Structure formats: structure tokens, C-alpha cells
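Engineer: The structure's right below; bear with me while I get my questions together.
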2 protein chains.
Amino acid sequence: MNAEIIAVGSELLLGQIVNTNARFLSRQLADLGINVYYHTVVGDNPDRLKSAMEIAQKRADLIIFTGGLGPTKDDLTKDTIAGQLGKQLVLDEEAMKSIELYFEKTNRVMTENNRKQALVIEGSTVLKNDHGMAPGMFLVTGGNKYMLLPGPPSEMEPMFLKYGQNAIAGLSGNKAKIESRVLRFFGIGEAALESEIEDLIDKQSNPTIAPLAGDGEVTLRLTARDDSTGTAQALIDEVEAAIMARVGEHFYGYDETSLMIELTKLLKNRNMTLSAAESLTGGMFQQELTSISGASSLFNGGVVCYSNEAKIELVKVMPETIENHGAVSSECAAELAANIASVTNSDIGISFTGVAGPDSLEGHPAGTVFIGVHIKGLPLHVERLSLSGSRSAIRKRSVKFGCQIIINRLTGTRK
Amino acid sequence: MNAEIIAVGSELLLGQIVNTNARFLSRQLADLGINVYYHTVVGDNPDRLKSAMEIAQKRADLIIFTGGLGPTKDDLTKDTIAGQLGKQLVLDEEAMKSIELYFEKTNRVMTENNRKQALVIEGSTVLKNDHGMAPGMFLVTGGNKYMLLPGPPSEMEPMFLKYGQNAIAGLSGNKAKIESRVLRFFGIGEAALESEIEDLIDKQSNPTIAPLAGDGEVTLRLTARDDSTGTAQALIDEVEAAIMARVGEHFYGYDETSLMIELTKLLKNRNMTLSAAESLTGGMFQQELTSISGASSLFNGGVVCYSNEAKIELVKVMPETIENHGAVSSECAAELAANIASVTNSDIGISFTGVAGPDSLEGHPAGTVFIGVHIKGLPLHVERLSLSGSRSAIRKRSVKFGCQIIINRLTGTRK
């Protein structure tokens, strides 16, 4: 079974809102083993909606519409779809009752146009709206399946989870067992990673291997179905092992995680504390660290030492270090890292100094970055990076490198 | 002229990412007076991309593609479009050079598949990529206009703003004169703002008034066309004045700006410096401040004082203050603000202490926030807020309140 998601709403075409509904439904359908081949967005215009529907009827088994079920003039999804299918709209008594109840509960007078929300396409299964007024619908007719869902995510998502997915799953008693796993990599480009595993990608169809790059990271999404050669999980395990053998040194975690989350997990396991002295990154490392609930057990505090004076006053860097080597230097990064650990009495100190750009600094081009890492019991470590991209990209990438360096130093995989 | 936006990428159909590019481009096209009638999303599949393109060729004058310009096997947008148009791909020397330079600068070895990114459709205008490798293209042929843009928003958005929109605007000498202006508000909810100006929204058709809420802020987008009653700008001015008379005290800026940008502008004008002691916000205020290029002229540095020890050691808060009143207190916020200004020798000191959640702290529920503001020559000022929402929302909202409090104290609009 394949699906198309059609969002109806001029506010999407005007760019006032983002189509997060398509994302939500795509994930849910993937979990049900249904391939989504197209998303379409169309405005509150009956002719163009009809045309989009005609196209979808030819190329999709299941068509899910979101939006346009409300009481106002521009809510025309139901009328248009019913017309295209040659069906009538009929009043659903239960929906009508719950709309009346809603107005009663909120002490508001129901205007006549609200009755429109209780009209449903004849022959459809009504999907109850537990978080709003307009009900959803599910309908199988003429070789296609149709689902109509409300536009607001706060109504659509629970309706789909509670009623919609069961209606779909009920169609095919034999839901194909599909599993997926995301492998996350940092410190290797998308092209380099892909060229390392090109033959695996080419020869694989179960699982499929889908690379995705973003924010300086690359992920591989492995998606498999049970088949005669094994279960989905076993098939994924096998391909994962083959991938790890080639690019494992850049791997850092599975599914929804981040380098910072992996770092905090490791530090909690080892019962270690961390501090930071941030020049280049201006507080981004500490902000990200403290965005994780429970960071207080491993983080006392740290410093944003943007100016040279702040490096000297707040982190006790020797003025001669800056005079002789500059603030953008291995020497300064080393002192910052060692001193911030001692000032805050932490096991680990990390420092970031460099040039975020757009202008160069102390003769160094934008993207020059020094990261210092002091870990109790290990030699002081400084890395120099040359990063490219915007000011924001350089800062973000530096924070990720910082996390990775600490992780790798602690696990002994970085000399 | 009407347009369709086609996003290419299986990651969109799998629900891994949201199609924010369609939103960005829709807004930009609206400002250019171009109606967007459809968004389409299609996967990394040549047949389905070709089919989507054929449909768009029949219904849209301008087709903008995003994504699929990268170096890997599943980046097939260029090949597919060139094939459908009967055009060849040719090497663009300038793009090739900048790709080589990118690898040189980052000390990485260029793999062969990266050369693919320098191939462009023959006869197209190349749009330079200042933030990545893959160039964009613009092409007018066979009655349609085509634009190809990279998928990552960090590359696509600046490319469109710097090169793309000029290429489009250059087509129609007689661009309908449309202007829009965004008014930004903070400290008032969407419903409250909308009810204050409901009659204005209802009776207006030129300009239109479109409210939008997000990240704790509300914006009003005023969009007007020249007509017999006046120019677009004059029509907008008139409605803006009416809006300001009602909700002006919550207004903080126009178009693309932020409270932090407005704050740094004000401080630069007044030649004042600023520091921060952040507990609750964990560095977010300073991170956002230093994300603005040129922040170094008004910011030496500051402290993230997450634990009580850090408040005492790094910001010299008296231990008795924390013992007697707690860290989440007006007294602690006041000391942090005054001390951080003196420690860093800044004109202004701001502090954030409170409970980001999810758990309560010192008997205060999540969302309890104290913001201290010390401004040289003004009485020390502390505000207590009760915010709701997620950990992240509470931190972000606190930073915005902090900016607004300083701005209002400096301009004398907050007692």
C-alpha cells in the first residue's frame, strides 16, 4: 500500500505555517509499513483541491487529507471531496452533540456555521475528535482509501493515533513488520561516508540504507522488513556490523540522541564533572549541556570569556600567554582548559577559542578553532580545526567537536 | 505569475525532517507578488520526480526545486530535470574551483563524487553557493521558469535572498507593487493581541493583517498593494499607526529582528557594556548575544553559575543570601546582577535564576523565574515571572524577557 498526504490550507502556501502534519503522518505511516510517495499542499480553492485529488487518485492507494474541516467559508475539504466522489454530506448526530456540548461547556453561543462541522461524507467511518470539534472520516470507495483529518496538530495527532491508524491497520490484517534504526556519525562528510559504504548501499534492498546530512552530522537510516532470510531486527544488525567495520570510528549513537547527550551519559556513568571556558562559542556549549535535564549533577558552572580581559580576570590566563601567542592559540586554549577545571573544581575542563567570523582575528581566518581538553589523569590535549561555513555553523560544529573529543579521550579512541 | 515548490528528498517522506524550505520560499514569493498554488514533496526517485515535474509544468509558470543537488547517489534532481528538458549537464568551472577550495581549506581529501556538485544544466544561470558547495541554477525554457536550490536551509535561504529572487524579479519588468511589513510583539498573547485589534483585522483588505504566534512572540504581517487610495507603504503606515495606538507598548521591532538584536543596537548607540550571570538559562543569554557579529564591543564575558558553589565562587554571592533566601530568590538575583557587572567591569549586569523544570526546586514550581537587572545609575531591579511550558520554552522566554526588561529600563518605559 502506498500513500499521499494532501494538506489543504492557504496559510501553508503563504508560508505562515509549516506543514508539520505531513511529517507526523509520514512517520506514523512508515511505522505501519506504508510507503509515502508524495506530499501535496493546496490552498483553500475547490478547483485546485479537486485537481490535486484527481492526481492522487491515480498514484496513491491511500490519500490522507489534513485541514479544511472547520466551520468557516474557506473550509471546503469535505464538500470538494464528497463532490468528487459523488457522495452526499450527512449530519452525524454524535458529532453534533459533542459540538453543542463544547459550546455549552465554554459558555459560548453556537453560531449556525458550526453545524457544518457535524456534516460527514455518507458511508464513511467517523473518527471522533477528542480535542476539538470537527470529526475526521475514513472511507474506502472506488479502489482508493480516503482519510480526512483536521488541520490543527493538537487535534489531528491524537485523532490519528487513537482512531486513524487502527482504521488503516484494520484494512490489511497482515501488517508487514517494518523496523528502522538510525546510526549517527560525526567528523566525516556525507560524501566520504557514502563512498566508504557505496557497495553496501548499492547491493542492499532489505534493509535499505538512507544517508542524510545536516548540522555537520551524517545519519544512516536502516529500514528492513521481515522476510524469508530473517527478521527485520536481525537483518538490520547484520548490515550495521558491516557499516561499523568500515566507518565505526565516526559513529556516536543511535536514533534520537546528540553528541552532548552521549557525553552526559558517559560522564554520569563515570561519575565525573565538567566545566567550560568559552570564547568562540560564547556559552553555546554550556547552554546545550544545561538544556539536558539533570545536568546539574555533573556541571557546577563555567565562564564565557569573550574578551582578553575576561580570559585573564575570570579564568586566570597569564597575560603573557596572550601577549606572546595571542588569544587564538594552542597555548591559550590549553591554559583556559586547565584553569577552568581548577577554578570550578571539576574533573574535566574544556575550552573553545578561535574565529567565528565573518572577519579574521589575530591574523587567523574565520573558522580557525582551538579546543583545549583537560581531563584529570590524562595529558592536556589541544586540537586545531579549520572549519568553514557561517558564524553559527562554525560555533555549532565546534561544540560538537568538543563533545566528541572528550568522549574519544575518555574511551581511549583519540590519542 | 504563479509558482509551485517541489521539494526532493526521501527524508521528507519518511518524516525525518519538516519542509521548512517551502515555508521560507512561499513567504519570499508572496513578497514578490507571486502566487504559490502548490507545494509538492517527492522522494529520491527519478520516475516519481519526473512525473511530479510533468504535472507542475502544466500548472505552474515558475517551478522551484529544493534538494537533491549534493554529491551522493540519491542526489538526482539535476540529472532528472536535465533529462526531462532534453538538456546536458556541463561542468561549471567557478563552482568546481570553490568546491576544491572548500576541501583545501578544511584539509580534507576531495572524493571523486564531489565533482558531480559542479555540474550544472546547460544554458542556466548559476546561483552561487556562499555557504556550501552545490551551486543553484535558474533557467527559462519552453514556457516555464525553473529554479534549482540546495536542500539545507543554511545554504538555500541565503542563496535565494542574494541571487535567486533577483533572477526572478528580473523576469517581470512590471512587478505588481506589493509591500509587506512585519511588526513584532513580546509580552502579549496571540489571542489577547488579536482581540485588541479584531475590528481592524476584519475591516481591512488592503493592507491585510495576518497574526502569527511562535516562540512566545506574536507578529503581525501587514501586506498592501498600491491602489487608487494610496501607495502600499502609505497604506501600511496608516494601519500600523492604528495598531500601535492600541498595543504599542508590546511592540519591539520590525521585520527580521529579535529582542537581542534590538538590545545590542540600543547598547551600541549608548556605548554601554553588558554582562550576565546565568543559572536558569545556562549560557543561553550569552550564547544568543555572541551569535551577533560585533558583540565583542559591548560584551567582555560572563558566568554560567549553575550550582550554588558556582554562584558563590564565580560571582561572589554571599553564602548567607543562599542560605536565608535560596538560590531561587529575588535576593540572589539581585546580588548576581550587581556582582557580575562589577566582576566584569560592565555598565549593565543581568542575572537569571529560577526553575526550568521538569522538577520543582527549593519549593518553587517549574517556571518560577527571577531576573535581576543592574544598570549603572538606576536602582537595582528584579522581576519575578511565572512561566509555563517545556524546559526549553521557559529558558527561551526568560532570555527574551531579560532583553525586554533591559530595553524598557533604558528607555524609561518600565518602572
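How things are named: the first chain in the C-alpha cells is A, the next is B, and so on; residues count from 1 in each chain; ligands count from 1 in the order shown.
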If you fit chain B onto chain A using every C-alpha atom, paired in order, what RMSD in Å do you get?

Structural biologist: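 Pairing the C-alpha atoms in order and fitting gives 4.9 Å.
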
Engineer: Please produce, as a Markdown table, a per-residue contact table for chain A versus chain B (criterion: any atom at most 7 Å away, only C-alpha atoms considered), showing the nearest atom pair and its distance in Å to one decimal, sorted by chain then residue number.

Structural biologist:
```
| residue | atom | partner | partner_atom | distance |
| --- | --- | --- | --- | --- |
| A:Leu12 | CA | B:Arg23 | CA | 7.0 |
| A:Leu13 | CA | B:Val36 | CA | 5.8 |
| A:Leu14 | CA | B:Ser26 | CA | 5.4 |
| A:Gly15 | CA | B:Arg23 | CA | 4.1 |
| A:Ile17 | CA | B:Arg23 | CA | 6.8 |
| A:Val18 | CA | B:Arg23 | CA | 5.8 |
| A:Asn19 | CA | B:Asn19 | CA | 6.8 |
| A:Thr20 | CA | B:Val18 | CA | 6.1 |
| A:Arg23 | CA | B:Gly15 | CA | 4.2 |
| A:Phe24 | CA | B:Gly15 | CA | 6.3 |
| A:Ser26 | CA | B:Gly15 | CA | 4.9 |
| A:Arg27 | CA | B:Gly15 | CA | 4.8 |
| A:Ala30 | CA | B:Leu14 | CA | 6.5 |
| A:Val36 | CA | B:Leu13 | CA | 5.8 |
| A:Tyr37 | CA | B:Val42 | CA | 6.3 |
| A:Tyr38 | CA | B:Val42 | CA | 5.1 |
| A:His39 | CA | B:Val41 | CA | 4.8 |
| A:Thr40 | CA | B:Thr40 | CA | 4.6 |
| A:Val41 | CA | B:His39 | CA | 4.8 |
| A:Val42 | CA | B:Tyr38 | CA | 5.1 |
| A:Gly43 | CA | B:Tyr37 | CA | 6.6 |
| A:Ala191 | CA | B:Thr72 | CA | 6.0 |
| A:Ala192 | CA | B:Thr111 | CA | 6.6 |
| A:Gly282 | CA | B:Gln287 | CA | 4.9 |
| A:Gly283 | CA | B:Gln287 | CA | 4.6 |
| A:Met284 | CA | B:Gln287 | CA | 5.1 |
| A:Gln286 | CA | B:Gly283 | CA | 5.8 |
| A:Gln287 | CA | B:Gly283 | CA | 4.6 |
| A:Thr290 | CA | B:Gly282 | CA | 5.5 |
| A:Ser291 | CA | B:Ser392 | CA | 6.8 |
| A:Ser296 | CA | B:Tyr306 | CA | 6.9 |
| A:Asn300 | CA | B:Ser307 | CA | 4.8 |
| A:Gly301 | CA | B:Cys305 | CA | 4.6 |
| A:Gly302 | CA | B:Val304 | CA | 5.1 |
| A:Val303 | CA | B:Val303 | CA | 4.5 |
| A:Val304 | CA | B:Gly301 | CA | 5.0 |
| A:Cys305 | CA | B:Gly301 | CA | 4.6 |
| A:Tyr306 | CA | B:Gly301 | CA | 4.9 |
| A:Ser307 | CA | B:Asn300 | CA | 4.8 |
| A:Ala310 | CA | B:Gly301 | CA | 5.7 |
| A:Ser386 | CA | B:Thr106 | CA | 5.3 |
| A:Leu387 | CA | B:Thr106 | CA | 6.0 |
| A:Ser388 | CA | B:Thr106 | CA | 7.0 |
| A:Gly389 | CA | B:His131 | CA | 5.5 |
| A:Ser390 | CA | B:His131 | CA | 6.6 |
| A:Ser392 | CA | B:Ser291 | CA | 6.7 |
```

Engineer: Tell me which protein, DNA and RNA residues are within 10 Å of Thr257 of chain A, counting only C-alpha atoms, leaving out same-chain ones fewer than 3 positions away, and put them as a count of residues only.

Structural biologist: 9

Engineer: Using DSSP on the backbone coordinates, identify all residues within segment 31-241 of chain A classified as alpha helix (DSSP H); present the result as a PyMOL selection string.

Structural biologist: chain A and resi 31+46-59+77-85+93-105+153-159+165-169+190-196+198-203+232-241

Engineer: Write out as a list in words the set of residues from segment 218-271 of chain B that DSSP, computed on the backbone, places in strand (DSSP E).

Structural biologist: Val218, Thr219, Leu220, Arg221, Leu222, Thr223, Ala224, Arg225, Phe251, Tyr252, Gly253 and Tyr254 of chain B

Engineer: Determine the nearest neighbour of Arg397 of chain A from the options A:Val369, A:Leu222, A:Leu378, A:Leu119, counting only C-alpha atoms.

Structural biologist: A:Val369
